[in-house]
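Undergrad: Dropping in input-v1.cif, which is mmCIF, C-alpha atoms:
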```
data_structure
loop_
_atom_site.label_atom_id
_atom_site.label_comp_id
_atom_site.auth_asym_id
_atom_site.auth_seq_id
_atom_site.Cartn_x
_atom_site.Cartn_y
_atom_site.Cartn_z
CA MET S 1 1.59 10.45 24.62
CA HIS S 2 1.31 7.34 22.50
CA LYS S 3 3.39 6.83 19.38
CA SER S 4 2.20 5.65 16.01
CA GLY S 5 3.29 5.40 12.42
CA LEU S 6 3.19 3.43 9.20
CA VAL S 7 4.47 -0.08 9.89
CA GLY S 8 3.71 -1.72 6.56
CA PHE S 9 0.97 -2.94 4.31
CA ILE S 10 -1.02 -6.07 3.68
CA ILE S 11 -1.76 -7.30 0.18
CA ASP S 12 -5.31 -8.64 0.53
CA CYS S 13 -5.94 -11.34 -2.04
CA ASN S 14 -9.33 -12.80 -2.84
CA THR S 15 -7.95 -16.11 -3.99
CA GLU S 16 -8.28 -19.82 -3.35
CA ASP S 17 -4.53 -20.24 -3.75
CA LEU S 18 -2.77 -18.10 -1.19
CA ASP S 19 0.60 -19.67 -1.93
CA ALA S 20 0.39 -18.77 -5.61
CA ALA S 21 -0.62 -15.21 -4.70
CA ALA S 22 2.25 -14.93 -2.23
CA GLN S 23 4.66 -16.32 -4.83
CA PHE S 24 3.55 -13.71 -7.36
CA TRP S 25 3.97 -10.79 -4.96
CA SER S 26 7.28 -12.14 -3.67
CA GLU S 27 8.69 -12.28 -7.19
CA ALA S 28 7.05 -9.04 -8.30
CA LEU S 29 8.49 -7.08 -5.37
CA ARG S 30 11.71 -9.14 -5.29
CA LEU S 31 11.21 -9.86 -1.60
CA PRO S 32 11.69 -13.51 -0.58
CA LEU S 33 8.93 -15.30 1.29
CA GLU S 34 9.68 -15.88 4.94
CA GLU S 35 9.61 -19.46 6.07
CA GLY S 36 6.79 -21.18 7.89
CA GLY S 37 4.89 -20.57 11.09
CA GLY S 38 2.43 -17.82 11.71
CA ASP S 39 -1.22 -17.50 10.81
CA PRO S 40 -2.39 -19.87 8.04
CA GLY S 41 -4.23 -17.02 6.33
CA TYR S 42 -1.06 -14.99 5.84
CA ARG S 43 2.26 -15.28 4.04
CA LYS S 44 5.00 -12.94 5.12
CA LEU S 45 7.54 -11.41 2.76
CA ALA S 46 11.04 -10.37 3.78
CA LYS S 47 11.09 -6.89 5.28
CA GLY S 48 10.64 -4.15 2.72
CA PRO S 49 12.45 -0.79 2.57
CA GLY S 50 13.01 0.64 6.05
CA GLY S 51 11.93 -2.61 7.72
CA LEU S 52 8.42 -2.34 6.32
CA ASN S 53 6.19 -5.29 7.23
CA ILE S 54 4.63 -6.77 4.09
CA GLU S 55 2.23 -9.71 4.13
CA VAL S 56 -0.05 -11.40 1.64
CA GLN S 57 -3.43 -12.23 3.16
CA GLN S 58 -6.23 -14.46 1.94
CA VAL S 59 -9.54 -12.57 2.10
CA ASP S 60 -13.20 -12.97 1.15
CA HIS S 61 -13.69 -9.32 0.15
CA PRO S 62 -12.34 -7.90 -3.12
CA SER S 63 -8.56 -7.85 -3.47
CA ARG S 64 -6.80 -4.68 -2.41
CA VAL S 65 -3.79 -3.31 -0.56
CA HIS S 66 -4.31 -1.94 2.93
CA LEU S 67 -1.96 0.07 5.09
CA ASP S 68 -1.13 -0.83 8.68
CA ILE S 69 -0.52 1.86 11.28
CA GLU S 70 1.14 0.60 14.45
CA SER S 71 0.67 2.25 17.79
CA THR S 72 1.89 1.88 21.36
CA ASP S 73 -1.77 2.47 22.35
CA VAL S 74 -4.28 1.19 19.81
CA GLU S 75 -7.31 2.70 21.55
CA ALA S 76 -5.74 6.16 21.78
CA GLU S 77 -4.64 5.94 18.15
CA VAL S 78 -8.14 4.94 17.01
CA GLN S 79 -9.51 7.97 18.88
CA ARG S 80 -6.90 10.25 17.26
CA LEU S 81 -7.79 8.91 13.81
CA GLU S 82 -11.52 9.34 14.53
CA ARG S 83 -10.86 13.00 15.31
CA LEU S 84 -9.17 13.23 11.89
CA GLY S 85 -12.32 11.85 10.27
CA ALA S 86 -11.72 8.09 10.05
CA LYS S 87 -14.35 5.60 11.21
CA PRO S 88 -13.77 2.36 13.13
CA VAL S 89 -15.19 -0.59 11.20
CA SER S 90 -14.43 -3.63 13.33
CA GLN S 91 -12.13 -5.08 15.94
CA VAL S 92 -10.19 -8.18 14.89
CA ARG S 93 -8.15 -9.85 17.60
CA ASP S 94 -5.86 -7.06 18.89
CA TRP S 95 -6.19 -4.68 15.94
CA VAL S 96 -8.88 -2.31 14.68
CA VAL S 97 -10.03 -1.98 11.08
CA MET S 98 -10.78 1.64 10.16
CA GLU S 99 -12.04 3.48 7.10
CA ALA S 100 -10.49 6.73 5.90
CA PRO S 101 -12.70 9.69 4.92
CA THR S 102 -11.75 8.81 1.33
CA GLY S 103 -12.93 5.22 1.78
CA GLN S 104 -9.76 3.15 2.03
CA ARG S 105 -9.71 0.54 4.78
CA PHE S 106 -6.62 0.40 6.96
CA CYS S 107 -5.68 -1.21 10.27
CA VAL S 108 -4.37 0.06 13.59
CA VAL S 109 -2.18 -2.64 15.08
CA PRO S 110 -0.27 -2.86 18.38
CA ALA S 111 3.40 -1.88 18.13
CA ARG S 112 5.37 -5.12 18.37
CA GLY S 113 8.53 -3.42 19.56
CA ASP S 114 10.77 -5.23 17.08
CA MET T 1 19.90 -7.14 -16.46
CA HIS T 2 17.50 -4.45 -15.32
CA LYS T 3 16.84 -3.74 -11.67
CA SER T 4 13.47 -3.25 -10.05
CA GLY T 5 11.84 -3.08 -6.66
CA LEU T 6 9.17 -1.54 -4.51
CA VAL T 7 9.61 2.24 -4.54
CA GLY T 8 6.47 3.27 -2.68
CA PHE T 9 2.73 3.50 -2.90
CA ILE T 10 0.08 5.91 -4.04
CA ILE T 11 -3.06 6.55 -2.01
CA ASP T 12 -5.71 6.95 -4.73
CA CYS T 13 -8.53 9.12 -3.47
CA ASN T 14 -11.87 9.55 -5.20
CA THR T 15 -12.49 13.00 -3.78
CA GLU T 16 -13.29 16.53 -4.86
CA ASP T 17 -10.97 17.86 -2.14
CA LEU T 18 -7.49 16.52 -2.71
CA ASP T 19 -5.98 18.85 -0.10
CA ALA T 20 -8.29 17.56 2.61
CA ALA T 21 -7.50 13.97 1.62
CA ALA T 22 -3.76 14.70 1.66
CA GLN T 23 -4.10 16.41 5.04
CA PHE T 24 -5.85 13.36 6.48
CA TRP T 25 -3.23 10.91 5.24
CA SER T 26 -0.38 13.18 6.28
CA GLU T 27 -1.71 13.35 9.84
CA ALA T 28 -2.77 9.69 9.94
CA LEU T 29 0.69 8.49 8.87
CA ARG T 30 2.49 11.31 10.69
CA LEU T 31 4.37 12.23 7.53
CA PRO T 32 4.40 15.96 6.70
CA LEU T 33 3.19 17.15 3.32
CA GLU T 34 5.95 18.26 1.00
CA GLU T 35 5.70 21.81 -0.24
CA GLY T 36 4.45 22.92 -3.65
CA GLY T 37 5.38 22.10 -7.21
CA GLY T 38 4.70 18.89 -8.99
CA ASP T 39 1.59 17.56 -10.66
CA PRO T 40 -1.66 19.26 -9.58
CA GLY T 41 -3.35 15.86 -9.22
CA TYR T 42 -0.89 14.68 -6.57
CA ARG T 43 0.24 15.66 -3.09
CA LYS T 44 3.52 14.24 -1.90
CA LEU T 45 4.18 13.19 1.69
CA ALA T 46 7.61 13.22 3.31
CA LYS T 47 9.53 10.04 2.55
CA GLY T 48 8.25 7.03 4.48
CA PRO T 49 10.32 4.27 6.09
CA GLY T 50 13.38 3.39 3.98
CA GLY T 51 12.85 6.40 1.70
CA LEU T 52 9.50 5.08 0.50
CA ASN T 53 7.73 7.42 -1.94
CA ILE T 54 4.19 8.11 -0.74
CA GLU T 55 1.74 10.30 -2.63
CA VAL T 56 -1.96 11.08 -2.40
CA GLN T 57 -3.59 11.15 -5.82
CA GLN T 58 -6.98 12.45 -6.96
CA VAL T 59 -8.72 9.78 -9.04
CA ASP T 60 -12.06 9.10 -10.75
CA HIS T 61 -12.09 5.39 -9.96
CA PRO T 62 -12.89 4.04 -6.47
CA SER T 63 -10.41 4.94 -3.74
CA ARG T 64 -7.65 2.47 -3.08
CA VAL T 65 -3.93 2.11 -2.37
CA HIS T 66 -1.67 1.01 -5.20
CA LEU T 67 1.95 -0.08 -5.11
CA ASP T 68 4.64 1.37 -7.35
CA ILE T 69 7.47 -0.80 -8.63
CA GLU T 70 10.39 1.15 -10.05
CA SER T 71 12.67 -0.21 -12.73
CA THR T 72 15.75 0.82 -14.64
CA ASP T 73 13.95 -0.60 -17.70
CA VAL T 74 10.16 -0.28 -17.56
CA GLU T 75 9.54 -2.35 -20.69
CA ALA T 76 11.72 -5.24 -19.49
CA GLU T 77 10.07 -5.11 -16.08
CA VAL T 78 6.59 -5.18 -17.60
CA GLN T 79 7.62 -8.26 -19.59
CA ARG T 80 9.02 -9.91 -16.45
CA LEU T 81 5.78 -9.22 -14.58
CA GLU T 82 3.71 -10.54 -17.49
CA ARG T 83 5.65 -13.79 -17.28
CA LEU T 84 4.69 -13.91 -13.58
CA GLY T 85 1.03 -13.56 -14.56
CA ALA T 86 0.33 -9.82 -14.38
CA LYS T 87 -1.44 -8.01 -17.23
CA PRO T 88 -0.64 -4.57 -18.61
CA VAL T 89 -3.68 -2.30 -18.39
CA SER T 90 -2.54 1.04 -19.79
CA GLN T 91 0.42 3.29 -20.40
CA VAL T 92 0.31 6.67 -18.64
CA ARG T 93 3.11 9.08 -19.52
CA ASP T 94 6.29 7.12 -18.73
CA TRP T 95 4.77 4.46 -16.49
CA VAL T 96 2.65 1.36 -17.05
CA VAL T 97 -0.43 0.39 -15.07
CA MET T 98 -0.63 -3.38 -14.49
CA GLU T 99 -3.03 -5.79 -12.84
CA ALA T 100 -1.86 -8.62 -10.60
CA PRO T 101 -3.29 -12.15 -11.01
CA THR T 102 -5.19 -11.41 -7.77
CA GLY T 103 -6.67 -8.23 -9.24
CA GLN T 104 -4.79 -5.38 -7.57
CA ARG T 105 -3.66 -2.59 -9.86
CA PHE T 106 -0.07 -1.42 -9.52
CA CYS T 107 2.34 0.70 -11.55
CA VAL T 108 5.76 0.15 -13.05
CA VAL T 109 7.59 3.46 -13.02
CA PRO T 110 11.02 4.50 -14.29
CA ALA T 111 13.73 4.51 -11.61
CA ARG T 112 14.44 8.16 -10.84
CA GLY T 113 17.90 7.48 -9.48
CA ASP T 114 17.39 9.58 -6.35
#
```
When written as structure tokens, how does the structure in this file appear?

TA:
Amino acid sequence: MHKSGLVGFIIDCNTEDLDAAAQFWSEALRLPLEEGGGDPGYRKLAKGPGGLNIEVQQVDHPSRVHLDIESTDVEAEVQRLERLGAKPVSQVRDWVVMEAPTGQRFCVVPARGD
Amino acid sequence: MHKSGLVGFIIDCNTEDLDAAAQFWSEALRLPLEEGGGDPGYRKLAKGPGGLNIEVQQVDHPSRVHLDIESTDVEAEVQRLERLGAKPVSQVRDWVVMEAPTGQRFCVVPARGD
């Protein structure tokens, strides 16, 4: 049986200035920005409550906040969520974008084991 | 000096069936629904990672996820966030709805001390 659960959320920002957006959210949430590396389209904040993963992402679609569910088996988790009524929207690298019955987009991401 | 920080998030659902929406999110996030009481427009999930407060709310606007920042002094926190570039949108009971420079709505709520 695979495991899954809330691992964090991504603050999707439709902005030309990702650094300014990340700076705002870092100060608003009082979570320092993590240094360097990683994907150029993302800025990572220090872990939130309970080790929550929080990132600020530059996007083309309207700004929003989306939840990330991690799973030890992404495909099995997507199938479980489909049975609950969610719909897969697209596959991006090793994660799957889904839409809840109430319309929110969220992602199923591989458990990183950290 | 007042204190503030991320206290949780609300899953805003534009739905006629709040219970079905709450059931979906409870199962998707594997967080049981808390029993009874409270505001009829909300369903509370068991605390998330780090004691995160997670609720499913029935709304008239489009579905989304919004973050809640708690503060020991809501007015001072709203002023701090305004200096960072956020705009107050409305006051609802004892909390304030704000909009980030990147457009996401979020709330500043009184720290409950639990």

Undergrad: Can you list, as a list of chain:residue names, the residues that the PyMOL selection byres ((chain S and resi 98) around 10) selects here?

TA: S:Val78, S:Leu81, S:Glu82, S:Ala86, S:Lys87, S:Pro88, S:Val89, S:Ser90, S:Gln91, S:Trp95, S:Val96, S:Val97, S:Glu99, S:Ala100, S:Pro101, S:Gly103, S:Gln104, S:Arg105, S:Phe106, S:Cys107, S:Val108

Undergrad: Determine which residues of chain T sit within 9 Å of chain S, taking into account all atoms listed in the file, and present them as a PyMOL selection string.

TA: chain T and resi 4-8+11-15+21+24-25+27-31+48-52+62-67+69+80-81+84-86+100-105

Undergrad: Go ahead and save the residues from that selection, with C-alpha atoms, as an mmCIF file, in the frame of the given file.

TA:
```
data_model
loop_
_atom_site.group_PDB
_atom_site.id
_atom_site.type_symbol
_atom_site.label_atom_id
_atom_site.label_comp_id
_atom_site.auth_asym_id
_atom_site.auth_seq_id
_atom_site.Cartn_x
_atom_site.Cartn_y
_atom_site.Cartn_z
ATOM 1 C CA SER T 4 13.470 -3.250 -10.050
ATOM 2 C CA GLY T 5 11.840 -3.080 -6.660
ATOM 3 C CA LEU T 6 9.170 -1.540 -4.510
ATOM 4 C CA VAL T 7 9.610 2.240 -4.540
ATOM 5 C CA GLY T 8 6.470 3.270 -2.680
ATOM 6 C CA ILE T 11 -3.060 6.550 -2.010
ATOM 7 C CA ASP T 12 -5.710 6.950 -4.730
ATOM 8 C CA CYS T 13 -8.530 9.120 -3.470
ATOM 9 C CA ASN T 14 -11.870 9.550 -5.200
ATOM 10 C CA THR T 15 -12.490 13.000 -3.780
ATOM 11 C CA ALA T 21 -7.500 13.970 1.620
ATOM 12 C CA PHE T 24 -5.850 13.360 6.480
ATOM 13 C CA TRP T 25 -3.230 10.910 5.240
ATOM 14 C CA GLU T 27 -1.710 13.350 9.840
ATOM 15 C CA ALA T 28 -2.770 9.690 9.940
ATOM 16 C CA LEU T 29 0.690 8.490 8.870
ATOM 17 C CA ARG T 30 2.490 11.310 10.690
ATOM 18 C CA LEU T 31 4.370 12.230 7.530
ATOM 19 C CA GLY T 48 8.250 7.030 4.480
ATOM 20 C CA PRO T 49 10.320 4.270 6.090
ATOM 21 C CA GLY T 50 13.380 3.390 3.980
ATOM 22 C CA GLY T 51 12.850 6.400 1.700
ATOM 23 C CA LEU T 52 9.500 5.080 0.500
ATOM 24 C CA PRO T 62 -12.890 4.040 -6.470
ATOM 25 C CA SER T 63 -10.410 4.940 -3.740
ATOM 26 C CA ARG T 64 -7.650 2.470 -3.080
ATOM 27 C CA VAL T 65 -3.930 2.110 -2.370
ATOM 28 C CA HIS T 66 -1.670 1.010 -5.200
ATOM 29 C CA LEU T 67 1.950 -0.080 -5.110
ATOM 30 C CA ILE T 69 7.470 -0.800 -8.630
ATOM 31 C CA ARG T 80 9.020 -9.910 -16.450
ATOM 32 C CA LEU T 81 5.780 -9.220 -14.580
ATOM 33 C CA LEU T 84 4.690 -13.910 -13.580
ATOM 34 C CA GLY T 85 1.030 -13.560 -14.560
ATOM 35 C CA ALA T 86 0.330 -9.820 -14.380
ATOM 36 C CA ALA T 100 -1.860 -8.620 -10.600
ATOM 37 C CA PRO T 101 -3.290 -12.150 -11.010
ATOM 38 C CA THR T 102 -5.190 -11.410 -7.770
ATOM 39 C CA GLY T 103 -6.670 -8.230 -9.240
ATOM 40 C CA GLN T 104 -4.790 -5.380 -7.570
ATOM 41 C CA ARG T 105 -3.660 -2.590 -9.860
#
```

Undergrad: I'd like the superposed chain T, fitted onto chain S by least squares over all Cα atoms in order, as a PDB file with C-alpha atoms, keeping the file's coordinate frame.

TA:
```
ATOM      1  CA  MET T   1       1.573  10.427  24.631  1.00  0.00           C
ATOM      2  CA  HIS T   2       1.312   7.329  22.479  1.00  0.00           C
ATOM      3  CA  LYS T   3       3.406   6.838  19.374  1.00  0.00           C
ATOM      4  CA  SER T   4       2.190   5.646  16.009  1.00  0.00           C
ATOM      5  CA  GLY T   5       3.283   5.394  12.415  1.00  0.00           C
ATOM      6  CA  LEU T   6       3.186   3.430   9.212  1.00  0.00           C
ATOM      7  CA  VAL T   7       4.470  -0.086   9.899  1.00  0.00           C
ATOM      8  CA  GLY T   8       3.716  -1.712   6.557  1.00  0.00           C
ATOM      9  CA  PHE T   9       0.970  -2.935   4.309  1.00  0.00           C
ATOM     10  CA  ILE T  10      -1.028  -6.056   3.680  1.00  0.00           C
ATOM     11  CA  ILE T  11      -1.773  -7.291   0.172  1.00  0.00           C
ATOM     12  CA  ASP T  12      -5.327  -8.641   0.531  1.00  0.00           C
ATOM     13  CA  CYS T  13      -5.946 -11.337  -2.037  1.00  0.00           C
ATOM     14  CA  ASN T  14      -9.338 -12.797  -2.869  1.00  0.00           C
ATOM     15  CA  THR T  15      -7.951 -16.130  -3.997  1.00  0.00           C
ATOM     16  CA  GLU T  16      -8.299 -19.836  -3.353  1.00  0.00           C
ATOM     17  CA  ASP T  17      -4.527 -20.233  -3.755  1.00  0.00           C
ATOM     18  CA  LEU T  18      -2.771 -18.092  -1.193  1.00  0.00           C
ATOM     19  CA  ASP T  19       0.615 -19.673  -1.940  1.00  0.00           C
ATOM     20  CA  ALA T  20       0.397 -18.770  -5.611  1.00  0.00           C
ATOM     21  CA  ALA T  21      -0.626 -15.215  -4.710  1.00  0.00           C
ATOM     22  CA  ALA T  22       2.255 -14.932  -2.231  1.00  0.00           C
ATOM     23  CA  GLN T  23       4.663 -16.326  -4.824  1.00  0.00           C
ATOM     24  CA  PHE T  24       3.556 -13.713  -7.352  1.00  0.00           C
ATOM     25  CA  TRP T  25       3.971 -10.799  -4.957  1.00  0.00           C
ATOM     26  CA  SER T  26       7.273 -12.127  -3.656  1.00  0.00           C
ATOM     27  CA  GLU T  27       8.690 -12.284  -7.182  1.00  0.00           C
ATOM     28  CA  ALA T  28       7.041  -9.039  -8.313  1.00  0.00           C
ATOM     29  CA  LEU T  29       8.493  -7.087  -5.374  1.00  0.00           C
ATOM     30  CA  ARG T  30      11.699  -9.141  -5.289  1.00  0.00           C
ATOM     31  CA  LEU T  31      11.220  -9.846  -1.596  1.00  0.00           C
ATOM     32  CA  PRO T  32      11.678 -13.501  -0.580  1.00  0.00           C
ATOM     33  CA  LEU T  33       8.926 -15.297   1.293  1.00  0.00           C
ATOM     34  CA  GLU T  34       9.671 -15.871   4.946  1.00  0.00           C
ATOM     35  CA  GLU T  35       9.615 -19.467   6.070  1.00  0.00           C
ATOM     36  CA  GLY T  36       6.794 -21.200   7.931  1.00  0.00           C
ATOM     37  CA  GLY T  37       4.922 -20.524  11.133  1.00  0.00           C
ATOM     38  CA  GLY T  38       2.437 -17.798  11.708  1.00  0.00           C
ATOM     39  CA  ASP T  39      -1.213 -17.503  10.805  1.00  0.00           C
ATOM     40  CA  PRO T  40      -2.378 -19.879   8.045  1.00  0.00           C
ATOM     41  CA  GLY T  41      -4.238 -17.022   6.334  1.00  0.00           C
ATOM     42  CA  TYR T  42      -1.069 -14.981   5.826  1.00  0.00           C
ATOM     43  CA  ARG T  43       2.259 -15.279   4.043  1.00  0.00           C
ATOM     44  CA  LYS T  44       4.998 -12.938   5.143  1.00  0.00           C
ATOM     45  CA  LEU T  45       7.532 -11.399   2.768  1.00  0.00           C
ATOM     46  CA  ALA T  46      11.037 -10.368   3.787  1.00  0.00           C
ATOM     47  CA  LYS T  47      11.076  -6.888   5.292  1.00  0.00           C
ATOM     48  CA  GLY T  48      10.633  -4.142   2.707  1.00  0.00           C
ATOM     49  CA  PRO T  49      12.433  -0.789   2.569  1.00  0.00           C
ATOM     50  CA  GLY T  50      13.006   0.647   6.062  1.00  0.00           C
ATOM     51  CA  GLY T  51      11.932  -2.608   7.731  1.00  0.00           C
ATOM     52  CA  LEU T  52       8.419  -2.339   6.320  1.00  0.00           C
ATOM     53  CA  ASN T  53       6.183  -5.292   7.235  1.00  0.00           C
ATOM     54  CA  ILE T  54       4.625  -6.762   4.095  1.00  0.00           C
ATOM     55  CA  GLU T  55       2.223  -9.695   4.139  1.00  0.00           C
ATOM     56  CA  VAL T  56      -0.057 -11.390   1.634  1.00  0.00           C
ATOM     57  CA  GLN T  57      -3.428 -12.225   3.151  1.00  0.00           C
ATOM     58  CA  GLN T  58      -6.243 -14.475   1.930  1.00  0.00           C
ATOM     59  CA  VAL T  59      -9.537 -12.575   2.094  1.00  0.00           C
ATOM     60  CA  ASP T  60     -13.207 -12.968   1.136  1.00  0.00           C
ATOM     61  CA  HIS T  61     -13.686  -9.336   0.152  1.00  0.00           C
ATOM     62  CA  PRO T  62     -12.335  -7.902  -3.128  1.00  0.00           C
ATOM     63  CA  SER T  63      -8.555  -7.844  -3.476  1.00  0.00           C
ATOM     64  CA  ARG T  64      -6.807  -4.684  -2.421  1.00  0.00           C
ATOM     65  CA  VAL T  65      -3.790  -3.293  -0.567  1.00  0.00           C
ATOM     66  CA  HIS T  66      -4.313  -1.927   2.924  1.00  0.00           C
ATOM     67  CA  LEU T  67      -1.963   0.077   5.106  1.00  0.00           C
ATOM     68  CA  ASP T  68      -1.127  -0.833   8.687  1.00  0.00           C
ATOM     69  CA  ILE T  69      -0.515   1.864  11.277  1.00  0.00           C
ATOM     70  CA  GLU T  70       1.150   0.616  14.442  1.00  0.00           C
ATOM     71  CA  SER T  71       0.671   2.252  17.807  1.00  0.00           C
ATOM     72  CA  THR T  72       1.890   1.880  21.353  1.00  0.00           C
ATOM     73  CA  ASP T  73      -1.757   2.466  22.340  1.00  0.00           C
ATOM     74  CA  VAL T  74      -4.281   1.180  19.798  1.00  0.00           C
ATOM     75  CA  GLU T  75      -7.304   2.693  21.541  1.00  0.00           C
ATOM     76  CA  ALA T  76      -5.727   6.158  21.770  1.00  0.00           C
ATOM     77  CA  GLU T  77      -4.646   5.940  18.144  1.00  0.00           C
ATOM     78  CA  VAL T  78      -8.132   4.944  17.013  1.00  0.00           C
ATOM     79  CA  GLN T  79      -9.502   7.972  18.873  1.00  0.00           C
ATOM     80  CA  ARG T  80      -6.892  10.236  17.259  1.00  0.00           C
ATOM     81  CA  LEU T  81      -7.800   8.911  13.811  1.00  0.00           C
ATOM     82  CA  GLU T  82     -11.516   9.345  14.519  1.00  0.00           C
ATOM     83  CA  ARG T  83     -10.849  12.994  15.301  1.00  0.00           C
ATOM     84  CA  LEU T  84      -9.153  13.226  11.881  1.00  0.00           C
ATOM     85  CA  GLY T  85     -12.306  11.834  10.268  1.00  0.00           C
ATOM     86  CA  ALA T  86     -11.707   8.078  10.050  1.00  0.00           C
ATOM     87  CA  LYS T  87     -14.350   5.593  11.221  1.00  0.00           C
ATOM     88  CA  PRO T  88     -13.778   2.363  13.123  1.00  0.00           C
ATOM     89  CA  VAL T  89     -15.205  -0.591  11.204  1.00  0.00           C
ATOM     90  CA  SER T  90     -14.430  -3.637  13.333  1.00  0.00           C
ATOM     91  CA  GLN T  91     -12.130  -5.082  15.944  1.00  0.00           C
ATOM     92  CA  VAL T  92     -10.177  -8.180  14.886  1.00  0.00           C
ATOM     93  CA  ARG T  93      -8.125  -9.847  17.613  1.00  0.00           C
ATOM     94  CA  ASP T  94      -5.860  -7.054  18.895  1.00  0.00           C
ATOM     95  CA  TRP T  95      -6.179  -4.676  15.954  1.00  0.00           C
ATOM     96  CA  VAL T  96      -8.866  -2.312  14.685  1.00  0.00           C
ATOM     97  CA  VAL T  97     -10.023  -1.990  11.093  1.00  0.00           C
ATOM     98  CA  MET T  98     -10.775   1.634  10.150  1.00  0.00           C
ATOM     99  CA  GLU T  99     -12.040   3.483   7.105  1.00  0.00           C
ATOM    100  CA  ALA T 100     -10.490   6.729   5.900  1.00  0.00           C
ATOM    101  CA  PRO T 101     -12.700   9.702   4.925  1.00  0.00           C
ATOM    102  CA  THR T 102     -11.748   8.817   1.324  1.00  0.00           C
ATOM    103  CA  GLY T 103     -12.926   5.230   1.783  1.00  0.00           C
ATOM    104  CA  GLN T 104      -9.753   3.153   2.036  1.00  0.00           C
ATOM    105  CA  ARG T 105      -9.709   0.543   4.773  1.00  0.00           C
ATOM    106  CA  PHE T 106      -6.625   0.394   6.973  1.00  0.00           C
ATOM    107  CA  CYS T 107      -5.676  -1.211  10.281  1.00  0.00           C
ATOM    108  CA  VAL T 108      -4.363   0.063  13.582  1.00  0.00           C
ATOM    109  CA  VAL T 109      -2.173  -2.631  15.082  1.00  0.00           C
ATOM    110  CA  PRO T 110      -0.286  -2.857  18.375  1.00  0.00           C
ATOM    111  CA  ALA T 111       3.392  -1.890  18.126  1.00  0.00           C
ATOM    112  CA  ARG T 112       5.356  -5.131  18.374  1.00  0.00           C
ATOM    113  CA  GLY T 113       8.527  -3.436  19.537  1.00  0.00           C
ATOM    114  CA  ASP T 114      10.753  -5.273  17.061  1.00  0.00           C
TER     115      ASP T 114
END
```

Undergrad: Rounded to one decimal, what separation in Å do you get between atom CA of Ala111 of chain S and atom CA of Ser71 of chain S?

TA: 5.0 Å

Undergrad: Rounded to one decimal, what separation in Å do you get between atom CA of Ala76 of chain T and atom CA of Ala46 of chain S?

TA: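 About the pair atom CA of Ala76 of chain T and atom CA of Ala46 of chain S: they are 23.8 Å apart.
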
Undergrad: Put the listed atoms of segment 42-56 of chain S in a box along x, y and z with 4 Å added on every side and give me the centre and edge lengths in Å to one decimal, as lines of an AutoDock Vina configuration file.

TA:
```
center_x = 6.0
center_y = -7.3
center_z = 4.7
size_x = 22.1
size_y = 23.9
size_z = 14.1
```

Undergrad: Between atom CA of Gly41 of chain T and atom CA of Ser26 of chain T, what is the distance, to one decimal in Å?

TA: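 Spanning atom CA of Gly41 of chain T to atom CA of Ser26 of chain T is a straight-line distance of 16.0 Å.
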
Undergrad: Taking (8.1, -22.9, 2.5) as a centre in this file's frame and 12 Å as the limit, can you find every polymer residue with an atom that close, using only C-alpha atoms, and give them as an MDAnalysis selection string?

TA: chainID S and resid 19:20 22:23 32:38 43:45
